[in-house]
Each structure stands twice: as structure tokens, then as C-alpha cells.
Amino acid sequence: MKGRGMNKNIQRTSIAGVMMATALFFGSVDALALPRAEINRSIQPKRAASHLTTVRETIPPFAFAKFCANQSDQCDVRGGQAPISMTKERRLLLQSINAQVNRDIRYTDDPSDKDLWRAGVSAGDCDDYALTKRQRLLDVGWPSSALRVATARTEEGVGHAVLVVSTVEGDFVLDNRTNVMKPWYAARLQWIKIQSQDDPRKWLTF
């Protein structure tokens with residue numbers, strides 16, 4: 001019986017030692033008192049924010065300023081600032097318009113000496129796709145605050161433009177390179193600048 005008692009004392013001492021060492025490793029004994037759910041949450045990698053974060057106002061792309069001069073109705077505030085919820089119907093509409101415009105516009109590069117931004121064209125480059133998608137969504141009643149053209153660079157370092165759709169659930173990207181609508185952090189783009197939600201004529205930098 002004595003031997004068993006000693007073994008129990010040794011086991012208790014060993015367990016206490018492990019607990020103390022663990023507490024020292026984590027910097028506080030309180031770490032041992034965390035509920036399992038809290039411990040699991042503390043070691044999970046941080047998820048990307050659901051919305052893009054901008055820093056300050058910047059100069060709009062020169063070609064965009066010319067676009068607003070030529071198609072001023074596309075640069076007016078429309079529909080107020082009410083946040084958009086991503087319902088099943090709206091998601092399907094976004095996916096449909098993204099795929100339709102990607103199919104309807106034949107990709108062609110702008111002349112080397114001209115950067116032209118246009119909406120409602122049959123042929124054009126990335127900014128024309130983005131503006132045409134935005135135009136179609138404005139025409140069916142979406143607010144301008146939710147439809148923002150953004151400029152970025154691809155993984156290959158090529159300048160690019162996409163339409164970012166802002167919703168309560170997050171910012172989603174409509175890209176002419178794919179028919180799949182993606183969250184902004186999955187678009188594999190290096191973001192440069194984006195239209196303001198308050199005023200389509202103003203742009204913000206990241």
C-alpha cells in the first residue's frame with residue numbers, strides 16, 4: 001500500500017510540474033484556465049477582413065476622369081447609401097451578369113498611346129468589362145455605393161481593373177478573367193485604388 005501511495009504522490013508531483021512548466025511557457029497560469037473553445041480560437045490563424053480597407057483619398061485614374069466627362073450619368077450618386085445584403089437572388093444575378101459581360105465583350109487591348117475607359121461596348125479591355133458590369137447593375141437598381149471599380153496588379157505585375165461589389169457580408173470581385181465571383185482576398189490581386197462609396201467620382205488608395 002505504501003508503494004502505491006508513493007506512486008500517486010509522484011504522479012501528482014509530475015502533473016503539477018508539467019502544469020507549472022506549461023504556465024511559464026504561455027506566460028501566465030491563467031492560460032490554463034481558458035475554456036477549450038477559447039484555447040482553440042486563440043491558435044486559429046486570423047481570417048482576412050471581409051471588406052477592403054482604404055487609407056485616404058487619391059487622384060482618380062486619368063482615363064476614368066475622361067470617362068466621367070463623356071458618360072457623366074455613370075458617375076452620379078444613385079440609390080443612396082443603404083447596405084446591400086447578399087441574398088441568394090442577388091448572388092445569382094451578380095454571377096449571371098459577370099458571366100454575360102465576360103462572354104459579350106471581345107477582349108482587345110487599347111492602343112499603346114491611349115487608355116480608354118468605356119461602358120456598354122462590344123470589344124475592350126479589363127476596365128471596359130468592369131464599367132459595363134457596373135452599368136448593367138445600376139440599370140437594374142443597384143446603388144452606386146455598392147458598385148466600385150478598382151485598379152490593381154495581377155500576380156504577373158500587369159495592371160488590371162475589376163468591379164468590386166460591396167455587401168453587408170463583404171466585398172466581392174467581378175473579374176473578366178473568370179466567371180467565378182470571389183471575395184476580394186481570394187482574387188489574387190495587389191490592390192492600388194478604388195472608387196469611393198460616397199461619391200463615384202472620388203477615389204481612395206489602400
# chains A, B, ... in the order shown; residues from 1 in each chain; ligands from 1
$ residues_around --residues "Ala150 (chain A)" --least-positions-apart "4" --cutoff "9 Å" --atoms "only C-alpha atoms" --output "mmCIF file with N, CA and C atoms, in the first residue's frame"
data_model
loop_
_atom_site.group_PDB
_atom_site.id
_atom_site.type_symbol
_atom_site.label_atom_id
_atom_site.label_comp_id
_atom_site.auth_asym_id
_atom_site.auth_seq_id
_atom_site.Cartn_x
_atom_site.Cartn_y
_atom_site.Cartn_z
ATOM 1 N N ASP A 127 -10.939 47.334 -67.976
ATOM 2 C CA ASP A 127 -11.726 48.425 -67.406
ATOM 3 C C ASP A 127 -13.089 48.547 -68.088
ATOM 4 N N ALA A 130 -15.334 45.969 -66.490
ATOM 5 C CA ALA A 130 -15.765 46.400 -65.154
ATOM 6 C C ALA A 130 -16.843 47.470 -65.232
ATOM 7 N N HIS A 160 -4.515 46.034 -63.913
ATOM 8 C CA HIS A 160 -5.810 45.380 -64.095
ATOM 9 C C HIS A 160 -6.900 46.230 -63.447
ATOM 10 N N ALA A 161 -8.145 46.049 -63.905
ATOM 11 C CA ALA A 161 -9.301 46.723 -63.316
ATOM 12 C C ALA A 161 -10.431 45.718 -63.160
ATOM 13 N N VAL A 162 -11.166 45.808 -62.069
ATOM 14 C CA VAL A 162 -12.278 44.897 -61.788
ATOM 15 C C VAL A 162 -13.406 45.695 -61.147
ATOM 16 N N LEU A 163 -14.566 45.066 -61.066
ATOM 17 C CA LEU A 163 -15.680 45.654 -60.326
ATOM 18 C C LEU A 163 -15.756 44.997 -58.955
ATOM 19 N N VAL A 164 -15.762 45.818 -57.909
ATOM 20 C CA VAL A 164 -15.911 45.331 -56.538
ATOM 21 C C VAL A 164 -17.329 45.633 -56.078
ATOM 22 N N TRP A 191 -3.910 45.397 -54.665
ATOM 23 C CA TRP A 191 -4.848 46.499 -54.843
ATOM 24 C C TRP A 191 -4.129 47.840 -54.862
ATOM 25 N N ILE A 192 -4.605 48.751 -55.723
ATOM 26 C CA ILE A 192 -3.979 50.070 -55.871
ATOM 27 C C ILE A 192 -4.937 51.170 -55.416
ATOM 28 N N LYS A 193 -6.084 51.310 -56.088
ATOM 29 C CA LYS A 193 -7.060 52.335 -55.708
ATOM 30 C C LYS A 193 -8.464 51.895 -56.099
ATOM 31 N N ILE A 194 -9.477 52.569 -55.527
ATOM 32 C CA ILE A 194 -10.870 52.166 -55.728
ATOM 33 C C ILE A 194 -11.781 53.384 -55.613
ATOM 34 N N GLN A 195 -12.928 53.320 -56.296
ATOM 35 C CA GLN A 195 -13.918 54.386 -56.171
ATOM 36 C C GLN A 195 -14.425 54.492 -54.739
ATOM 37 N N TRP A 203 -11.800 58.803 -55.599
ATOM 38 C CA TRP A 203 -11.093 57.533 -55.474
ATOM 39 C C TRP A 203 -10.266 57.504 -54.196
#
$ select_by_dssp --residues "region 48-193 of chain A" --states "alpha helix (DSSP H)" --output "VMD selection string"
chain A and resid 62 to 70 88 to 104 126 to 139
$ residues_around --residues "Arg106 (chain A)" --least-positions-apart "6" --cutoff "8 Å" --atoms "only C-alpha atoms" --output "VMD selection string"
chain A and resid 122 to 124
$ write_last_selection --atoms "C-alpha atoms" --output "PDB file, in the first residue's frame"
ATOM      1  CA  SER A 122     -18.751  45.060 -77.654  1.00  0.00           C
ATOM      2  CA  ALA A 123     -14.952  44.983 -77.529  1.00  0.00           C
ATOM      3  CA  GLY A 124     -12.497  46.317 -74.968  1.00  0.00           C
TER       4      GLY A 124
END
$ select_by_dssp --residues "region 49-176 of chain A" --states "strand (DSSP E)" --output "tab-separated table (two decimals) with C-alpha atoms, in the first residue's frame"
chain	number	residue	atom	x	y	z
A	56	ARG	CA	-7.03	58.17	-47.93
A	57	GLU	CA	-8.40	59.98	-50.97
A	58	THR	CA	-6.25	59.88	-54.09
A	106	ARG	CA	-14.46	40.56	-77.05
A	107	TYR	CA	-11.18	41.28	-75.34
A	123	ALA	CA	-14.95	44.98	-77.53
A	124	GLY	CA	-12.50	46.32	-74.97
A	147	LEU	CA	-20.57	49.17	-57.21
A	148	ARG	CA	-16.95	50.33	-57.24
A	149	VAL	CA	-14.35	49.96	-59.95
A	150	ALA	CA	-10.89	49.21	-58.55
A	151	THR	CA	-7.43	49.12	-60.09
A	152	ALA	CA	-4.84	46.54	-59.13
A	153	ARG	CA	-1.92	44.45	-60.35
A	159	GLY	CA	-2.20	46.49	-64.48
A	160	HIS	CA	-5.81	45.38	-64.10
A	161	ALA	CA	-9.30	46.72	-63.32
A	162	VAL	CA	-12.28	44.90	-61.79
A	163	LEU	CA	-15.68	45.65	-60.33
A	164	VAL	CA	-15.91	45.33	-56.54
A	165	VAL	CA	-19.43	44.76	-55.21
A	166	SER	CA	-19.78	45.83	-51.59
A	167	THR	CA	-22.34	43.99	-49.45
A	170	GLY	CA	-18.20	41.52	-47.62
A	171	ASP	CA	-16.61	42.83	-50.82
A	172	PHE	CA	-16.84	40.57	-53.87
A	173	VAL	CA	-14.91	40.81	-57.14
A	174	LEU	CA	-16.32	40.53	-60.67
$ atom_distance --atom1 "CA of Ser144 (chain A)" --atom2 "CA of Gln197 (chain A)"
7.3 Å
$ closest_residue --among "A:Ile59, A:Pro83, A:Phe64, A:Asp175" --to "Asn98 (chain A)" --atoms "only C-alpha atoms"
A:Asp175
$ closest_residue --among "A:Asn102, A:Ser196, A:Asp139, A:Ala69" --to "Val121 (chain A)" --atoms "only C-alpha atoms"
A:Asn102
$ closest_residue --among "A:Ala63, A:Ile84, A:Ala146, A:Val168" --to "Asp115 (chain A)" --atoms "only C-alpha atoms"
A:Ala63
$ atom_distance --atom1 "CA of Met86 (chain A)" --atom2 "CA of Thr154 (chain A)"
26.5 Å
$ closest_residue --among "A:Arg103, A:Arg118, A:His51, A:Arg90" --to "Thr178 (chain A)" --atoms "only C-alpha atoms"
A:Arg103
$ closest_residue --among "A:Val101, A:Leu131, A:Leu94, A:Leu189" --to "Gly157 (chain A)" --atoms "only C-alpha atoms"
A:Leu189
$ closest_residue --among "A:Cys68, A:Leu204, A:Met181, A:Ala187" --to "Leu116 (chain A)" --atoms "only C-alpha atoms"
A:Cys68
$ decode --residues "region 51-64 of chain A" --atoms "N, CA and C atoms" --output "CSV table (one decimal), in the first residue's frame"
chain,number,residue,atom,x,y,z
A,51,HIS,N,-14.1,43.1,-45.8
A,51,HIS,CA,-14.2,44.3,-46.6
A,51,HIS,C,-12.8,44.9,-46.8
A,52,LEU,N,-12.6,45.4,-48.0
A,52,LEU,CA,-11.3,46.1,-48.3
A,52,LEU,C,-11.2,47.4,-47.4
A,53,THR,N,-10.0,47.7,-47.0
A,53,THR,CA,-9.7,48.8,-46.1
A,53,THR,C,-8.9,49.9,-46.9
A,54,THR,N,-9.5,51.1,-47.0
A,54,THR,CA,-8.8,52.2,-47.7
A,54,THR,C,-8.2,53.1,-46.7
A,55,VAL,N,-7.2,53.9,-47.2
A,55,VAL,CA,-6.4,54.8,-46.3
A,55,VAL,C,-6.8,56.2,-46.5
A,56,ARG,N,-6.8,56.7,-47.7
A,56,ARG,CA,-7.0,58.2,-47.9
A,56,ARG,C,-7.5,58.4,-49.4
A,57,GLU,N,-8.0,59.6,-49.6
A,57,GLU,CA,-8.4,60.0,-51.0
A,57,GLU,C,-7.2,60.1,-51.9
A,58,THR,N,-7.3,59.8,-53.1
A,58,THR,CA,-6.2,59.9,-54.1
A,58,THR,C,-6.8,60.4,-55.4
A,59,ILE,N,-5.9,60.6,-56.4
A,59,ILE,CA,-6.3,61.1,-57.7
A,59,ILE,C,-6.9,60.0,-58.5
A,60,PRO,N,-8.1,60.2,-59.1
A,60,PRO,CA,-8.7,59.1,-59.9
A,60,PRO,C,-7.8,58.9,-61.2
A,61,PRO,N,-7.9,57.7,-61.7
A,61,PRO,CA,-7.2,57.4,-63.0
A,61,PRO,C,-7.6,58.4,-64.0
A,62,PHE,N,-6.6,58.9,-64.8
A,62,PHE,CA,-6.9,59.9,-65.8
A,62,PHE,C,-8.0,59.5,-66.8
A,63,ALA,N,-7.9,58.2,-67.2
A,63,ALA,CA,-8.9,57.7,-68.2
A,63,ALA,C,-10.3,57.6,-67.6
A,64,PHE,N,-10.4,57.4,-66.3
A,64,PHE,CA,-11.7,57.4,-65.6
A,64,PHE,C,-12.3,58.9,-65.6
